[in-house]
Amino acid sequence: MSQPRLSDTGRYLRRLGFDTPPAPTLDTLRQLQWRHTAEFPFETLSTLLRQPVAIDLESVERKVFEQGRGGYCYELNQLFLALLQALGFEARGITGRVVINAPEGAWPARTHRLSLVTFDGVRYITDVGFGGMVPTAPLLLDSRDIQVTPHEPFRIEDNEDGYLLRANVAGEWRPMYLFDLQRQQDIDYTLGNWYVCSHPESPFMGRLMVSRTGDGLRKTLNGNSYAVHKMGQESERRSITDADELIDLLENEFGLRVPPRELLRPAVEGLLQL
């Protein structure tokens with residue numbers, strides 16, 4: 001089965017600061033991942049509005065490049081994988097189970113998508129769609145050492161059925177997600193995405209989560225709680241109580257072209273009343 005292809009690779013690369021296609025090297029992958037998390041926000045405006053999320057490549061390209069939006073893992077990591085494959089990387093999609101804020105030993109549904117990239121038999125995971133704790137560099141799969149990134153340090157641990165990714169947040173090694181290398185087909189992503197954007201018990205339903213990285217910082221919005229996390233410094237946090245202020249924040253701090261305000265405002269006001 002042929003992989004879906006990007007409609008305009010040049011447009012995508014220009015957003016990431018490349019005038020010509022870069023060579024498929026580890027250094028290129030590092031630059032692409034770091035720039036991607038800064039350029040394309042993670043956001044759940046669609047699930048806040050309880051709208052279905054289409055994850056075919058054409059729909060994702062339209063949303064991101066023509067509608068000025070971001071997306072979540074099934075969108076951003078699919079887009080990124082298509083770019084990597086177009087550039088000649090040996091890369092494929094894999095999935096994981098998010099355990100951030102879950103009790104130790106939890107085994108939640110497979111609702112995270114990321115990618116495996118191999119250079120001469122050396123394997124890395126790359127991820128541009130994990131919200132406020134997205135790794136900003138590829139991580140060496142078969143190392144158990146602490147791995148530095150432009151943001152927090154991460155480490156990969158062996159798990160009975162695969163691997164566990166942890167990040168060092170405020171001096172504590174917090175679990176992020178469990179994952180394995182099982183081959184995935186489009187139907188696997190379709191099922192996981194359907195749960196995330198349609199199931200009443202999905203943690204994304206009716207919720208607003210937005211994040212974007214910058215040089216030495218992360219910006220996050222969780223509901224009405226806005227934070228700027230600067231590496232090595234105290235986080236700056238504030239609560240937003242006005243719907244228009246929150247929508248302005250989406251536009252100005254996260255660079256999103258938001259849906260029409262008459263559509264978005266009632267959902268944001270509902271959020272602020274919770």
# chains A, B, ... in the order shown; residues from 1 in each chain; ligands from 1
$ select_by_dssp --residues "segment 135-205 of chain A" --states "strand (DSSP E or B)" --output "list in words"
Leu139, Leu140, Gln147, Phe154, Arg155, Ile156, Glu157, Asp158, Asn159, Gly162, Tyr163, Leu164, Leu165, Arg166, Ala167, Asn168, Val169, Glu172, Trp173, Arg174, Pro175, Met176, Tyr177, Leu178 and Phe179 of chain A
$ residues_around --residues "segment 37-49 of chain A" --least-positions-apart "5" --cutoff "8 Å" --atoms "only C-alpha atoms" --output "ChimeraX atom specification"
/A:15-16,64,69-73,76,128-132,134,136,197,204-214,254-256,264,267
$ closest_residue --among "A:Thr25, A:Pro135, A:Leu81, A:Thr190" --to "Val122 of chain A" --atoms "only C-alpha atoms"
A:Thr25
$ closest_residue --among "A:Gln51, A:Thr126, A:Ser59, A:Asn101" --to "His199 of chain A" --atoms "only C-alpha atoms"
A:Gln51
$ closest_residue --among "A:Gly17, A:Arg265, A:Arg92, A:Trp34" --to "Asp215 of chain A" --atoms "only C-alpha atoms"
A:Trp34
$ select_by_dssp --residues "segment 47-266 of chain A" --states "alpha helix (DSSP H)" --output "PyMOL selection string"
chain A and resi 47-48+57-61+73-86+186-198+243-252+261-266
$ closest_residue --among "A:Ala227, A:Val117, A:Val196, A:Ala243" --to "Val53 of chain A" --atoms "only C-alpha atoms"
A:Val196
$ residues_around --residues "Gly232 of chain A" --least-positions-apart "2" --cutoff "10 Å" --atoms "only C-alpha atoms" --output "compact mmCIF listing (two decimals) with all heavy atoms, in the first residue's frame"
# COMPACT_ATOMS: atom_id res chain seq x y z
N HIS A 151 15.35 21.41 25.73
CA HIS A 151 14.51 21.72 26.89
C HIS A 151 14.86 20.74 28.02
O HIS A 151 16.02 20.68 28.40
CB HIS A 151 13.03 21.70 26.48
CG HIS A 151 12.69 22.86 25.57
ND1 HIS A 151 13.02 22.86 24.23
CD2 HIS A 151 12.10 24.04 25.81
CE1 HIS A 151 12.65 24.03 23.70
NE2 HIS A 151 12.09 24.76 24.64
N GLU A 152 13.91 19.98 28.55
CA GLU A 152 14.23 19.09 29.68
C GLU A 152 15.05 17.87 29.23
O GLU A 152 14.97 17.46 28.08
CB GLU A 152 12.93 18.57 30.33
CG GLU A 152 12.07 19.63 30.95
CD GLU A 152 11.20 20.36 29.94
OE1 GLU A 152 11.24 20.00 28.74
OE2 GLU A 152 10.52 21.29 30.34
N ALA A 170 11.15 19.63 37.09
CA ALA A 170 11.36 20.16 38.45
C ALA A 170 12.09 19.15 39.34
O ALA A 170 11.74 18.93 40.49
CB ALA A 170 10.03 20.57 39.07
N GLY A 216 14.42 27.98 24.85
CA GLY A 216 14.56 27.91 26.30
C GLY A 216 13.27 28.05 27.08
O GLY A 216 13.29 28.29 28.28
N LEU A 217 12.13 27.93 26.38
CA LEU A 217 10.86 28.06 27.10
C LEU A 217 9.77 27.20 26.46
O LEU A 217 9.89 26.75 25.33
CB LEU A 217 10.41 29.52 27.18
CG LEU A 217 10.16 30.30 25.88
CD1 LEU A 217 8.77 30.04 25.31
CD2 LEU A 217 10.32 31.79 26.13
N HIS A 229 6.91 28.45 30.89
CA HIS A 229 7.93 27.70 31.64
C HIS A 229 9.29 28.01 31.03
O HIS A 229 9.54 27.64 29.87
CB HIS A 229 7.66 26.19 31.56
CG HIS A 229 6.26 25.80 31.92
ND1 HIS A 229 5.82 25.72 33.22
CD2 HIS A 229 5.20 25.47 31.14
CE1 HIS A 229 4.54 25.34 33.23
NE2 HIS A 229 4.15 25.19 31.98
N LYS A 230 10.14 28.70 31.77
CA LYS A 230 11.49 29.02 31.28
C LYS A 230 12.46 28.05 31.93
O LYS A 230 12.43 27.85 33.14
CB LYS A 230 11.84 30.47 31.61
CG LYS A 230 10.97 31.46 30.85
CD LYS A 230 11.35 32.89 31.12
CE LYS A 230 10.48 33.82 30.28
NZ LYS A 230 10.67 35.25 30.62
N GLU A 234 11.66 29.86 37.62
CA GLU A 234 10.28 29.64 38.09
C GLU A 234 9.31 29.87 36.93
O GLU A 234 9.50 30.80 36.13
CB GLU A 234 9.95 30.61 39.21
CG GLU A 234 10.54 30.25 40.56
CD GLU A 234 9.90 29.01 41.16
OE1 GLU A 234 8.66 28.96 41.24
OE2 GLU A 234 10.65 28.09 41.54
N SER A 235 8.28 29.05 36.85
CA SER A 235 7.26 29.25 35.81
C SER A 235 6.41 30.47 36.14
O SER A 235 6.16 30.77 37.30
CB SER A 235 6.36 28.01 35.72
OG SER A 235 7.12 26.89 35.31
$ residues_around --residues "His112 of chain A" --least-positions-apart "6" --cutoff "8 Å" --atoms "only C-alpha atoms" --output "VMD selection string"
chain A and resid 73 to 74 95 to 98 130 192
